[in-house]
Each structure stands twice: as C-alpha cells, then as structure tokens.
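Structure record follows, encoded as structure tokens.
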Amino acid sequence: MTTRDLTNELAATMPLGFSEFDPAAEGRKVGLVIVDEVNGFATVGAGALAPPAPNEQVSTMVSETVRLARHFTAQGWPILAFLDTHTPGKPEPPYPPHCEEGTGEEELVPELKWLEEDANTTLVKKDCINGFIGATRPDGTNAVADWVKAHGITDLLVVGICTDICVMDFVLTSLSARNHDMMPGLKDIHVYDKGCSTYDLPRSVAEEIGYGATAAHPQDVTHYMGLYFMASRGAQLVNKVALPT
C-alpha cells in the first residue's frame, strides 16, 4: 500500500469536514497565527529539519500564508508569528539540533521576512514545540492570551508547520485554554489546510539514515492525521479563505 493509498483509506474511514472561512464576516474579529514558517523548517537545505528538496506542500503553505498575511496587514488585522528559536546546545528530544539562535534557521522564510517590520504583526520566539506554552512569561502571563485580549479577537485562523506537531500542539492547547476561560471572547479556532504543511520522511529513508523504522513520517498521512486530531478536539477545518481579489 502506498502512502497515497493509506491517506485515501484514512479519508474513507475517518473523513474530514471542511468549510469556507470569511474573516470579514459580521461579528468576527480574526487574528492570523503563523506557526514556525522559518528557514529551519521551510527553506530548502537550511537545516537538519528543513526540506532537502523543493516540496509542493511546503511551497503552497508559504504562498498561501503570504497571501493571507498581505491581506491581513492591509486591513489592519492582527497577526502573530511564532519563531522556533533554541539556545545553542540545548536539546529538544527527540529532534536533532535545529533553529538555534544565531544560525539563521530561526528567522522567517524570505517570503515572510517583511513581517519583522510590520506594525500589525507580533513576533513570539518559542523554545519548545507548543507555542502556547512557549509564550508563557516568567511571571506566568501568556503572550498569546494577552494578544487575543488586547485585540478583542473572536476567531483564530492558524497556518504553519508542522501540521501534526507544532501546529497541532498549539491548537489543542489553545482550545483547552479557551474552554477554561483563559482567553475570554475567543470563540473558534480555524485551521487552514493549504496553509499548513509537515515534513516527509519515508520509512525506507528513515531506516537508511539510521533513524529506524519508527521514525517514519510520510507527509500526506501525517498531515491528514494532524488535521483529524485537531478537528476531533473542536477545531474548525478550512479549505478556502474568502478574500476579496
């Protein structure tokens, strides 16, 4: 069975429900969350966890994120971008060293570098997989919760990498935080399929490079699984974001 066959089998057994999302709908105040679209994860050859060759799913994620971010900032709508940033020499098992500060891997991909100077964008460096946890300050306050409150956000639109790791962990924790009134006013969290991506590590390659069979991570399958688990916890899945042309 190919990974495409497996993805199709998952879709037949555990179908996903998608809807179109209109960020300008009446009563909504939407914040765009961009998870870790940095060189170390999304620029070809930029690090141990970057794609080794051009990858269509990753390229689509970046282009769709640029499209959304340009529209959001033109409208004066808030954007929050996570930057995976690690202290050199401080491991994050089970992953090899990546996105260490000062290497350039922790910087936004070239297509999104302009966000660093964008007045509508809040940048949050995180040193862990889960962005919500990584946004917790030493005094116990949380940068994400404060950002949601400051902008009166009712809906989050989430894009980024990896669908089944950093994106999923952020979304699941944010859903729990919403449910426990840590972000009053937040109603829904929407995950945009084409705005998300994950990495591809076929079993044969994982075994060849010495990681072992259990490190296998087929891209289409794991992307689907990430979407499934987010939806199962209450996230809204989006297959089209309605923006005026």
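Naming scheme: A, B, ... for chains in displayed order of the structure tokens; residues 1 onward per chain; ligands 1 onward as shown.
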- Query: If you run DSSP on this backbone, which residues of stretch 17-234 of chain A come out as helix (DSSP H, G or I), and could you give them as a VMD selection string?
  - Reply: chain A and resid 39 to 42 56 to 75 110 to 117 131 to 134 143 to 151 163 to 179 203 to 208 213 to 215 219 to 232
Contacts of A:Val144 at 9 Å or less, counting only C-alpha atoms, minus same-chain residues fewer than 6 places along, as a ChimeraX atom specification?
-> /A:80,124,131-132,135-136,174,183
**OP:** Excluding stretch 149-161 of chain A and residues on its chain fewer than 4 positions from it, collect all residues at most 7 Å away from it, counting only C-alpha atoms, and give them as a list of chain:residue names.
**Re:** A:Arg28, A:Lys29, A:Val30, A:Gly31, A:Leu32, A:Val33, A:Ile34, A:Val35, A:Asp36, A:Glu37, A:Met61, A:Thr65, A:Ala145, A:Cys166, A:Val167, A:Met183, A:Gly185, A:Leu186, A:Lys187, A:Asp188, A:Ile189, A:His190, A:Val191, A:Tyr192, A:Gly195, A:Cys196, A:Ser197, A:Thr198
- Query: Between A:Met225, A:Ala216, A:Cys99, A:Ala53, which one has atoms that come closest to A:Lys126, using only C-alpha atoms?
  - Reply: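 For A:Lys126, the nearest of the given residues is A:Cys99.
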Q) Given the choices A:Leu123, A:Ala231, A:Ala213, A:Val148, which gets closest to A:Met14 if the distance is worked out from only C-alpha atoms? A)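 Using only C-alpha atoms, A:Met14 sits closest to A:Ala231.
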Show which residues sit within 9 Å of A:Leu10, as a ChimeraX atom specification. Count only C-alpha atoms, and ignore same-chain residues fewer than 3 positions away. /A:5-7,13-15,221,224-225
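Compared by their closest atoms to A:His223, and using only C-alpha atoms, the residues A:Ala69, A:Ala11, A:Leu175, A:Ala242 rank with A:Ala11 nearest.
Here the DSSP assignment of strand (DSSP E), based on backbone atoms, applies within stretch 52-202 of chain A to Ile79, Leu80, Ala81, Phe82, Leu83, Asp84, Thr121, Thr122, Leu123, Val124, Lys125, Lys126, Asp155, Leu156, Leu157, Val158, Val159, Gly160, Ile161, Asp188, Ile189, His190, Val191, Tyr192, Asp193, Lys194, Gly195, Cys196 and Ser197 of chain A.
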File of the preceding selection, N, CA and C atoms, as a PDB file, in the first residue's frame:
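Wrote result-v3.pdb, looks like this:
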```pdb
ATOM      1  N   ILE A  79      -1.758  39.987  13.431  1.00  0.00           N
ATOM      2  CA  ILE A  79      -1.024  38.777  13.068  1.00  0.00           C
ATOM      3  C   ILE A  79      -0.067  38.440  14.205  1.00  0.00           C
ATOM      4  N   LEU A  80       0.023  37.163  14.536  1.00  0.00           N
ATOM      5  CA  LEU A  80       1.021  36.686  15.488  1.00  0.00           C
ATOM      6  C   LEU A  80       1.833  35.601  14.804  1.00  0.00           C
ATOM      7  N   ALA A  81       3.148  35.758  14.795  1.00  0.00           N
ATOM      8  CA  ALA A  81       4.020  34.770  14.147  1.00  0.00           C
ATOM      9  C   ALA A  81       4.973  34.169  15.166  1.00  0.00           C
ATOM     10  N   PHE A  82       4.928  32.847  15.296  1.00  0.00           N
ATOM     11  CA  PHE A  82       5.861  32.132  16.153  1.00  0.00           C
ATOM     12  C   PHE A  82       7.175  31.892  15.407  1.00  0.00           C
ATOM     13  N   LEU A  83       8.282  32.043  16.132  1.00  0.00           N
ATOM     14  CA  LEU A  83       9.609  31.755  15.594  1.00  0.00           C
ATOM     15  C   LEU A  83      10.256  30.695  16.479  1.00  0.00           C
ATOM     16  N   ASP A  84      10.413  29.487  15.954  1.00  0.00           N
ATOM     17  CA  ASP A  84      11.066  28.430  16.723  1.00  0.00           C
ATOM     18  C   ASP A  84      12.524  28.835  16.925  1.00  0.00           C
ATOM     19  N   THR A 121       2.007  43.012  13.160  1.00  0.00           N
ATOM     20  CA  THR A 121       2.494  41.673  13.499  1.00  0.00           C
ATOM     21  C   THR A 121       3.218  41.649  14.842  1.00  0.00           C
ATOM     22  N   THR A 122       2.860  40.662  15.651  1.00  0.00           N
ATOM     23  CA  THR A 122       3.551  40.383  16.908  1.00  0.00           C
ATOM     24  C   THR A 122       4.395  39.131  16.717  1.00  0.00           C
ATOM     25  N   LEU A 123       5.689  39.223  16.963  1.00  0.00           N
ATOM     26  CA  LEU A 123       6.583  38.077  16.845  1.00  0.00           C
ATOM     27  C   LEU A 123       6.798  37.458  18.230  1.00  0.00           C
ATOM     28  N   VAL A 124       6.688  36.143  18.304  1.00  0.00           N
ATOM     29  CA  VAL A 124       6.888  35.433  19.567  1.00  0.00           C
ATOM     30  C   VAL A 124       7.909  34.326  19.347  1.00  0.00           C
ATOM     31  N   LYS A 125       9.072  34.456  19.983  1.00  0.00           N
ATOM     32  CA  LYS A 125      10.053  33.381  19.932  1.00  0.00           C
ATOM     33  C   LYS A 125       9.637  32.281  20.905  1.00  0.00           C
ATOM     34  N   LYS A 126       9.779  31.040  20.480  1.00  0.00           N
ATOM     35  CA  LYS A 126       9.441  29.922  21.360  1.00  0.00           C
ATOM     36  C   LYS A 126      10.558  28.896  21.334  1.00  0.00           C
ATOM     37  N   ASP A 155     -11.886  34.950  16.762  1.00  0.00           N
ATOM     38  CA  ASP A 155     -11.542  33.781  15.960  1.00  0.00           C
ATOM     39  C   ASP A 155     -10.066  33.802  15.616  1.00  0.00           C
ATOM     40  N   LEU A 156      -9.427  32.639  15.722  1.00  0.00           N
ATOM     41  CA  LEU A 156      -8.056  32.485  15.263  1.00  0.00           C
ATOM     42  C   LEU A 156      -8.049  31.709  13.957  1.00  0.00           C
ATOM     43  N   LEU A 157      -7.269  32.173  12.991  1.00  0.00           N
ATOM     44  CA  LEU A 157      -7.021  31.441  11.757  1.00  0.00           C
ATOM     45  C   LEU A 157      -5.563  31.004  11.802  1.00  0.00           C
ATOM     46  N   VAL A 158      -5.329  29.692  11.815  1.00  0.00           N
ATOM     47  CA  VAL A 158      -3.992  29.157  12.068  1.00  0.00           C
ATOM     48  C   VAL A 158      -3.414  28.514  10.815  1.00  0.00           C
ATOM     49  N   VAL A 159      -2.155  28.854  10.531  1.00  0.00           N
ATOM     50  CA  VAL A 159      -1.396  28.237   9.445  1.00  0.00           C
ATOM     51  C   VAL A 159      -0.009  27.898   9.979  1.00  0.00           C
ATOM     52  N   GLY A 160       0.749  27.085   9.243  1.00  0.00           N
ATOM     53  CA  GLY A 160       2.125  26.854   9.650  1.00  0.00           C
ATOM     54  C   GLY A 160       2.584  25.419   9.552  1.00  0.00           C
ATOM     55  N   ILE A 161       3.707  25.162  10.182  1.00  0.00           N
ATOM     56  CA  ILE A 161       4.410  23.887  10.093  1.00  0.00           C
ATOM     57  C   ILE A 161       4.906  23.496  11.489  1.00  0.00           C
ATOM     58  N   ASP A 188     -13.785  30.556  18.266  1.00  0.00           N
ATOM     59  CA  ASP A 188     -13.413  29.424  17.423  1.00  0.00           C
ATOM     60  C   ASP A 188     -11.972  29.531  16.947  1.00  0.00           C
ATOM     61  N   ILE A 189     -11.388  28.364  16.699  1.00  0.00           N
ATOM     62  CA  ILE A 189     -10.054  28.266  16.126  1.00  0.00           C
ATOM     63  C   ILE A 189     -10.176  27.514  14.806  1.00  0.00           C
ATOM     64  N   HIS A 190      -9.728  28.155  13.741  1.00  0.00           N
ATOM     65  CA  HIS A 190      -9.856  27.624  12.391  1.00  0.00           C
ATOM     66  C   HIS A 190      -8.468  27.264  11.862  1.00  0.00           C
ATOM     67  N   VAL A 191      -8.341  26.090  11.275  1.00  0.00           N
ATOM     68  CA  VAL A 191      -7.065  25.626  10.726  1.00  0.00           C
ATOM     69  C   VAL A 191      -7.205  25.500   9.219  1.00  0.00           C
ATOM     70  N   TYR A 192      -6.331  26.220   8.500  1.00  0.00           N
ATOM     71  CA  TYR A 192      -6.412  26.259   7.040  1.00  0.00           C
ATOM     72  C   TYR A 192      -5.531  25.168   6.446  1.00  0.00           C
ATOM     73  N   ASP A 193      -6.148  24.213   5.798  1.00  0.00           N
ATOM     74  CA  ASP A 193      -5.475  23.043   5.232  1.00  0.00           C
ATOM     75  C   ASP A 193      -4.283  23.428   4.354  1.00  0.00           C
ATOM     76  N   LYS A 194      -4.501  24.245   3.333  1.00  0.00           N
ATOM     77  CA  LYS A 194      -3.433  24.594   2.399  1.00  0.00           C
ATOM     78  C   LYS A 194      -2.400  25.527   3.015  1.00  0.00           C
ATOM     79  N   GLY A 195      -2.739  26.119   4.139  1.00  0.00           N
ATOM     80  CA  GLY A 195      -1.794  26.978   4.831  1.00  0.00           C
ATOM     81  C   GLY A 195      -0.927  26.220   5.816  1.00  0.00           C
ATOM     82  N   CYS A 196      -1.075  24.900   5.860  1.00  0.00           N
ATOM     83  CA  CYS A 196      -0.289  24.072   6.774  1.00  0.00           C
ATOM     84  C   CYS A 196       0.514  23.041   5.991  1.00  0.00           C
ATOM     85  N   SER A 197       1.573  22.574   6.609  1.00  0.00           N
ATOM     86  CA  SER A 197       2.410  21.548   5.993  1.00  0.00           C
ATOM     87  C   SER A 197       3.158  20.795   7.083  1.00  0.00           C
TER      88      SER A 197
END
```
| request: Excluding A:Thr103 and any residue of its chain fewer than 2 positions from it, enumerate the residues within 12 Å of it, using only C-alpha atoms, and give them as a PyMOL selection string. | output: chain A and resi 38-40+46-47+84-88+97-101+105-107
**Prompt:** Any idea what's packed within 12 Å of A:Ala74, counting only C-alpha atoms, ignoring anything in its chain fewer than 5 positions away? Could you give it as a PyMOL selection string?
**Reply:** chain A and resi 67-69+79+118-121+243-244
Using only C-alpha atoms, the best pick from A:Val66, A:Ala215, A:Ala42, A:Ala24 as closest to A:Pro54 would be A:Ala42
What's the separation between atom CA of A:Cys162 and atom CA of A:Phe18, in Å to one decimal place?
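Interatomic distance, atom CA of A:Cys162 to atom CA of A:Phe18: 19.2 Å.
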